[in-house]
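Working notes for the structure below.
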Amino acid sequence: MGPKRLYFVLFIISIGSAYAQTEPTQVTEVLHRPVQVHQTVAYQLQEYLFKSIPKLPAPQSAGQWTEEEARLRKQILDEVAFHGWPEAWVNSPPKFEDMGEVPGGNGYRMRKLRFEIVPGFESTAILYEPLNVSGKAPAILNVNGHDPLGKAAEYKQKRCINFAKRGIYALSLEWIGFGELRNPENAHEFGADLDLVGSNVLGLFYLAMRRGLDYLATLPQVDPGRLGVTGLSGGGWQTITLSSLDPRVSVMVEVAGFGPLQTIITHPVDTDCDEQDPPDLLRGRDYTSYVAMRAPRPTLLIHNAEDTCCFRADLVKPYIYEQLQPFFSLFGQPDNLAWYENRDPGTHNYYIDNREHAYHFFTEHFNLPVADHEIPSGADVKTYEQLEVGLPKDNLTMLSLAKQIASRFQRQPIPAEPVARTAWASAERNKLASVIRYKPVEVKDAWRMWNTKNHLLQSLSYRFEFTDSLTAAGTWLKAIAAAHDAPVTIVLNDKGRGDAGDVVSDRVNRGEQVLALDPIFVGESMHLVPDSTPYALMVSTTGGRALGLEVEQLLAVTKWLEQQSGHPKIRLETTGIRSEVIGLAAAALEPSVFSKVVSHDAMKSLGFLLDAPVPFRSAPDLFCLDLYKDFDIDRLAAMAEPAKWEPHYLNKRATDSSPKN
C-alpha cells in the first residue's frame, strides 16, 4: 500500500473513531428521560395483586366449616409460620422465670417475668394478678403495638389494671423491637433476614405471642376455657393472628390491627411490616379468612373512624365484618361477631372509649358482672423503670439469630467433575425456580415511548409490557455509525438506568448496542418510590417473589432483544448487589442466553446482607425466603456456566463475607 493510500485509510479510521465517541453526560441525559410515572407502575402492581384476592368459602354447615377451620390452621402454621423453624423450638413448653414483684397495686399485684421465645432470645412481661378471687379466673393476654414504651404505655397499663381489678388475670407482653426489646437489631425489617436464611419471620413473632398464652393456660388459678387476647395496631394484628390460629382463645378484642387485601393493596402503607406480610401467608387466602376461623367464638373488631395510621373503619368494615357474619350465623350465634367504630377521638388509639367497649365485651362473654365503665387507675400507673425486668446482656436479636442460623448451614460442595456438575446444576435450577417462584413471561408489547438521534448517538426508550400485565422501562442506545448487527449488552444498575451512564457510554464507544433496563422494583420501575417496599412484601405474602418477577422480566427482554438484534447471546453488565443477584439468578436459570455476566460493586456472598448489614428496604428483592439457605453467589455462578461471570467487588467487606461452606 502506497503512502498516500495509507494516510487516506488512517484518516477515515480517525473520522470513524471520532464519530463513535460519546460522553457519559450525553448518555446520562438520554437515560434520565422517564418512560412511565410511578403511579402507573403502582396501578399495574395493584391490578396484578388483585388477582390474588381469593373468594371466601361458602360452607353449608357448621360442621363443614369446623373441619375447614382446623385444616386452615394446620396449613398456615405448618407450611407458613413454622417454615424453617426447628420442631423442638416450636413444640417446647413455656419457660418463664419469676423476677420479683412490682411494689404497689390496690386489689391486685404485679409480677415481673422473663421468658424464652427461642433458645438464646428472651423477652419480658408483667403479670397483673387479681387478689381475693375464688375459683378459677379468666385471663387475657395483652399484646403491644408499635409503641416505644412497650408494656409501660399508659393506656395498656390502665387496661391491665382494670382487668385485674375485675378478677381477670392480665399478662402484658413486651414486643420485639419495643420497650425492653428496643434494640436496633430488633427493628422489624430485620425479620427479612430470617426469611433470607430460611426461617419464616412469622414463626418468631407467633412464638413470641403464643408463649404468653401457653403460660396463662398453665397457671393453676386460671380457667383455660376463658382465655382472651387484645391489643392495638401491631397488637391488633397479633390479636387476630393468635386468636384465629389458636383455638384456646375464647374471646378476643382487636383494635385497628388488620384489613383485607382490597385495602392493603390500595393503601400499601397500612401494613408494611415484614411479620404482617410474611412470605406466603396470603397465598390463596386473606385476613378475612382469619375472622371466619374465629366462628363462633366471641370476636369484637374495633376500628377508628379517621385512623391516623391504618385500617379506617369505613374502608375495612364491608370486608372484615359484614361479609363474615354468615359464618357466625352457621353456628346460630351471629351476635358473637361484633363491631365498634370509635369516633372519640377517632384516631389511632386504645383510649378510654375503646377500652370500655373491651371491658364490656370481655366481662359479658367471661360470665362476669358486665363492666361498662373504666375504674380510675391513673394513680396506679408505673414508670418505665419501675416495670423494667431486665434481659441478659448477650440476648439474641433478630439479626444475630439470623446470623446464628446461617452459621449452621451445611451445603453439599459443587461437583468438579463435568458430568456430575451438569447434573447438579440441572437439579439446582429446578430448586432455584421454586425458591424465587420463577414463572417465565414474554414481552407482549415493546412500546416505543421516545427517541433521540444527534451528536453521534441514537436512542429509543421502551415500555416493555409482559404477558402477566406488568411492565419494565428500558432505553436502547448505539452510535449512529455503529453496524445494525453490532454486539449487544444489557445494563442493570441498582439505582436505575439513570445512573448507568458511565457503563452505557463505555459499551457504546466500543461499537455495541446497549439496552439499559429497569425491571420491576428497580429504578424508575418503583424502587425509587417511597411506598414501593410494601408492594414487594405483598408480592411475597400472596405467593410470589420480587426477585422472581425481576428475573422473569430480564430473561423476557433478553430473548426479545435476541430476536431484534439477531444475536443468539447477549452480554450482561450489572452495577450493585441487587442487579448482581438478578443477573446471576437469570443466568443460572437460563445459562444459554448470556455470553458473559460482568458484575460491578458486587458481593462475594449473600452473607454480606447479614454482615453489613444491608437494610431490607434498600434491597427488598434479595431477602427472599430460603435464598441464602439453599444458594450463594458461587453456586449461582457455577449454575450459569458456560456463561462466564466476571465480578468486581464492592469493597473488602463484601469480599470478606465469603461463603462459610
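FYI, nothing fancy with the C-alpha cells labels: chains A, B, ... in order, residues from 1 per chain, ligands from 1 as they appear.
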### Task
Do a neighbour search on Val269 in chain A at 8 Å with only C-alpha atoms, toss out local chain neighbours closer than 2 positions, and write the hits as a list in words.
Ile264, His267, Thr271, Asp272, Cys310, Asp531 and Pro534 of chain A
Output the selection as a PDB file, in the first residue's frame - C-alpha atoms for each residue.
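The resulting file, out_31.pdb, is shown below:
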ATOM      1  CA  ILE A 264     -53.921  -3.418  51.883  1.00  0.00           C
ATOM      2  CA  HIS A 267     -53.305   1.544  50.821  1.00  0.00           C
ATOM      3  CA  THR A 271     -49.226  -2.771  56.548  1.00  0.00           C
ATOM      4  CA  ASP A 272     -45.543  -2.517  55.724  1.00  0.00           C
ATOM      5  CA  CYS A 310     -54.261   2.399  59.168  1.00  0.00           C
ATOM      6  CA  ASP A 531     -44.031   3.333  49.198  1.00  0.00           C
ATOM      7  CA  PRO A 534     -44.962  -2.742  50.756  1.00  0.00           C
TER       8      PRO A 534
END
List every residue of range 311-365 of chain A that has an atom at most 10 Å from any atom of range 158-175 of chain A, giving for each one its closest atom pair and the distance in Å to one decimal, counting only C-alpha atoms, sorted by chain and then by ascending residue number, as a tab-separated table.
residue	atom	partner	partner_atom	distance
A:Tyr350	CA	A:Arg159	CA	9.1
A:Tyr351	CA	A:Arg159	CA	9.2
A:Ile352	CA	A:Arg159	CA	8.9
A:Arg355	CA	A:Arg159	CA	6.7
A:Glu356	CA	A:Arg159	CA	9.1
A:Ala358	CA	A:Arg159	CA	9.1
A:Tyr359	CA	A:Phe163	CA	7.6
A:Phe362	CA	A:Phe163	CA	9.2
A:Thr363	CA	A:Arg166	CA	8.5
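When only C-alpha atoms are used to measure the gap to Thr422 in chain A, the shortest distance among A:Pro642, A:Gly332, A:Pro318, A:Gly203 belongs to A:Pro642.
Using only C-alpha atoms for every distance, the candidate list A:Val197, A:Ile53, A:Ala70, A:Leu610 yields A:Val197 as the residue closest to Phe409 in chain A.
Every protein or nucleic acid residue with an atom no more than 9 Å from Gln333 in chain A, counting only C-alpha atoms and leaving out same-chain residues fewer than 6 positions away, appears here: Ala295, Pro296, Arg297 and Pro298 of chain A.
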File of the preceding selection, N, CA, C and O atoms, as a PDB file, in the first residue's frame:
ATOM      1  N   ALA A 295     -65.186 -18.136  64.061  1.00  0.00           N
ATOM      2  CA  ALA A 295     -66.571 -18.554  64.296  1.00  0.00           C
ATOM      3  C   ALA A 295     -66.616 -19.886  65.051  1.00  0.00           C
ATOM      4  O   ALA A 295     -65.882 -20.816  64.704  1.00  0.00           O
ATOM      5  N   PRO A 296     -67.455 -19.988  66.095  1.00  0.00           N
ATOM      6  CA  PRO A 296     -68.397 -18.969  66.587  1.00  0.00           C
ATOM      7  C   PRO A 296     -67.899 -18.252  67.843  1.00  0.00           C
ATOM      8  O   PRO A 296     -68.690 -17.703  68.603  1.00  0.00           O
ATOM      9  N   ARG A 297     -66.590 -18.250  68.094  1.00  0.00           N
ATOM     10  CA  ARG A 297     -66.064 -17.683  69.339  1.00  0.00           C
ATOM     11  C   ARG A 297     -66.243 -16.158  69.349  1.00  0.00           C
ATOM     12  O   ARG A 297     -66.082 -15.499  68.317  1.00  0.00           O
ATOM     13  N   PRO A 298     -66.583 -15.576  70.497  1.00  0.00           N
ATOM     14  CA  PRO A 298     -66.843 -14.130  70.592  1.00  0.00           C
ATOM     15  C   PRO A 298     -65.672 -13.294  70.085  1.00  0.00           C
ATOM     16  O   PRO A 298     -64.530 -13.451  70.546  1.00  0.00           O
TER      17      PRO A 298
END
In range 216-385 of chain A, DSSP strand (DSSP E or B) residues written as a compact mmCIF listing (two decimals) with C-alpha atoms, in the first residue's frame:
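The resulting file, states_32.txt, is shown below:
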# COMPACT_ATOMS: atom_id res chain seq x y z
CA VAL A 222 -56.59 -19.64 85.53
CA ASP A 223 -59.61 -21.14 83.77
CA PRO A 224 -58.17 -22.46 80.44
CA GLY A 225 -61.66 -22.27 78.94
CA ARG A 226 -61.74 -18.48 79.41
CA LEU A 227 -58.66 -17.11 77.70
CA GLY A 228 -58.68 -13.79 75.83
CA VAL A 229 -56.35 -11.65 73.71
CA THR A 230 -56.42 -7.93 72.94
CA GLY A 231 -54.16 -5.24 71.53
CA LEU A 232 -53.86 -2.11 69.37
CA VAL A 249 -58.58 -18.15 72.65
CA SER A 250 -62.24 -18.00 73.56
CA VAL A 251 -62.73 -14.19 73.43
CA MET A 252 -60.80 -11.51 71.53
CA VAL A 253 -60.94 -7.74 71.06
CA GLU A 254 -58.85 -6.41 68.16
CA VAL A 255 -58.20 -2.68 67.68
CA THR A 299 -64.95 -11.63 68.44
CA LEU A 300 -65.05 -7.83 68.70
CA LEU A 301 -63.46 -5.76 65.94
CA ILE A 302 -62.80 -2.11 66.85
CA HIS A 303 -61.70 0.32 64.15
CA ASN A 304 -61.33 4.07 64.25
CA LEU A 337 -69.13 -11.25 65.79
CA ALA A 338 -69.33 -7.63 66.96
CA TRP A 339 -68.21 -4.31 65.51
CA TYR A 340 -67.49 -0.92 67.01
CA GLU A 341 -66.42 2.29 65.29
CA ASN A 342 -64.54 4.70 67.54
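From CA of Arg114 in chain A back to CA of Leu127 in chain A, the distance works out to 10.6 Å.
From CA of Ile520 in chain A back to CA of Glu550 in chain A, the distance works out to 5.8 Å.
By chain and then residue number, the residues within 12 Å of His188 in chain A are Gly145, His146, Trp175, Ile176, Gly177, Phe178, Leu181, Arg182, Leu194, Val201, Leu202, Leu204, Phe205, Gly234, Asp272, Cys273, Asp274, Glu275, Gln276, Asp277, Pro278, Thr397, Met398, Leu399, Pro615, Phe616 and Arg617 of chain A, counting only C-alpha atoms and disregarding those fewer than 6 positions away in sequence.
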Since we have the selection now, will you write its residues out, keeping C-alpha atoms, as a CSV table (one decimal), in the first residue's frame?
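This went into out_24.csv:
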chain,number,residue,atom,x,y,z
A,145,GLY,CA,-48.3,-2.4,69.1
A,146,HIS,CA,-45.6,0.0,67.8
A,175,TRP,CA,-43.0,-6.9,71.8
A,176,ILE,CA,-39.9,-7.4,69.6
A,177,GLY,CA,-38.4,-4.1,68.7
A,178,PHE,CA,-40.1,-2.1,71.5
A,181,LEU,CA,-36.5,-5.2,73.3
A,182,ARG,CA,-35.9,-1.9,71.6
A,194,LEU,CA,-34.8,-14.6,59.0
A,201,VAL,CA,-40.4,-14.3,60.0
A,202,LEU,CA,-43.9,-15.1,61.1
A,204,LEU,CA,-40.6,-15.9,65.6
A,205,PHE,CA,-43.4,-13.4,66.1
A,234,GLY,CA,-49.4,-4.3,65.8
A,272,ASP,CA,-45.5,-2.5,55.7
A,273,CYS,CA,-44.0,-4.7,58.5
A,274,ASP,CA,-42.4,-7.9,57.5
A,275,GLU,CA,-44.2,-10.0,60.0
A,276,GLN,CA,-47.6,-8.7,58.9
A,277,ASP,CA,-46.9,-9.6,55.3
A,278,PRO,CA,-44.7,-12.7,55.7
A,397,THR,CA,-31.7,-10.1,68.4
A,398,MET,CA,-33.5,-10.9,65.1
A,399,LEU,CA,-30.3,-10.1,63.2
A,615,PRO,CA,-31.2,-2.6,55.2
A,616,PHE,CA,-34.2,-4.6,53.9
A,617,ARG,CA,-35.9,-1.6,52.4
### Message
For a quick check of understanding, using only C-alpha atoms, which of A:His365, A:His567, A:Lys559, A:Arg463 has the smallest distance to Val37 in chain A?
### Response
A:Arg463
### Task
Please indicate the distance in Å from CA of Pro369 in chain A to CA of Thr218 in chain A, rounded to one decimal place.
24.9 Å
### Message
Please return, as a PyMOL selection string, all residues of range 367-581 of chain A that DSSP assigns to alpha helix (DSSP H) on the basis of the backbone.
### Response
chain A and resi 384-387+398-406+418-435+501-509+532-541+546-565+577-581
### Task
Write out as a PyMOL selection string which residues come within 10 Å of Asn454 in chain A when counting only C-alpha atoms, dropping same-chain ones fewer than 4 positions away.
chain A and resi 458-459+479-480
### Residue contacts of Ile76 in chain A (12 Å, only C-alpha atoms) excluding same-chain residues fewer than 2 positions away, as a VMD selection string
chain A and resid 69 to 74 78 to 83 200 202 to 203 206 241 to 242 244 to 246 278 to 287 289 to 290 293
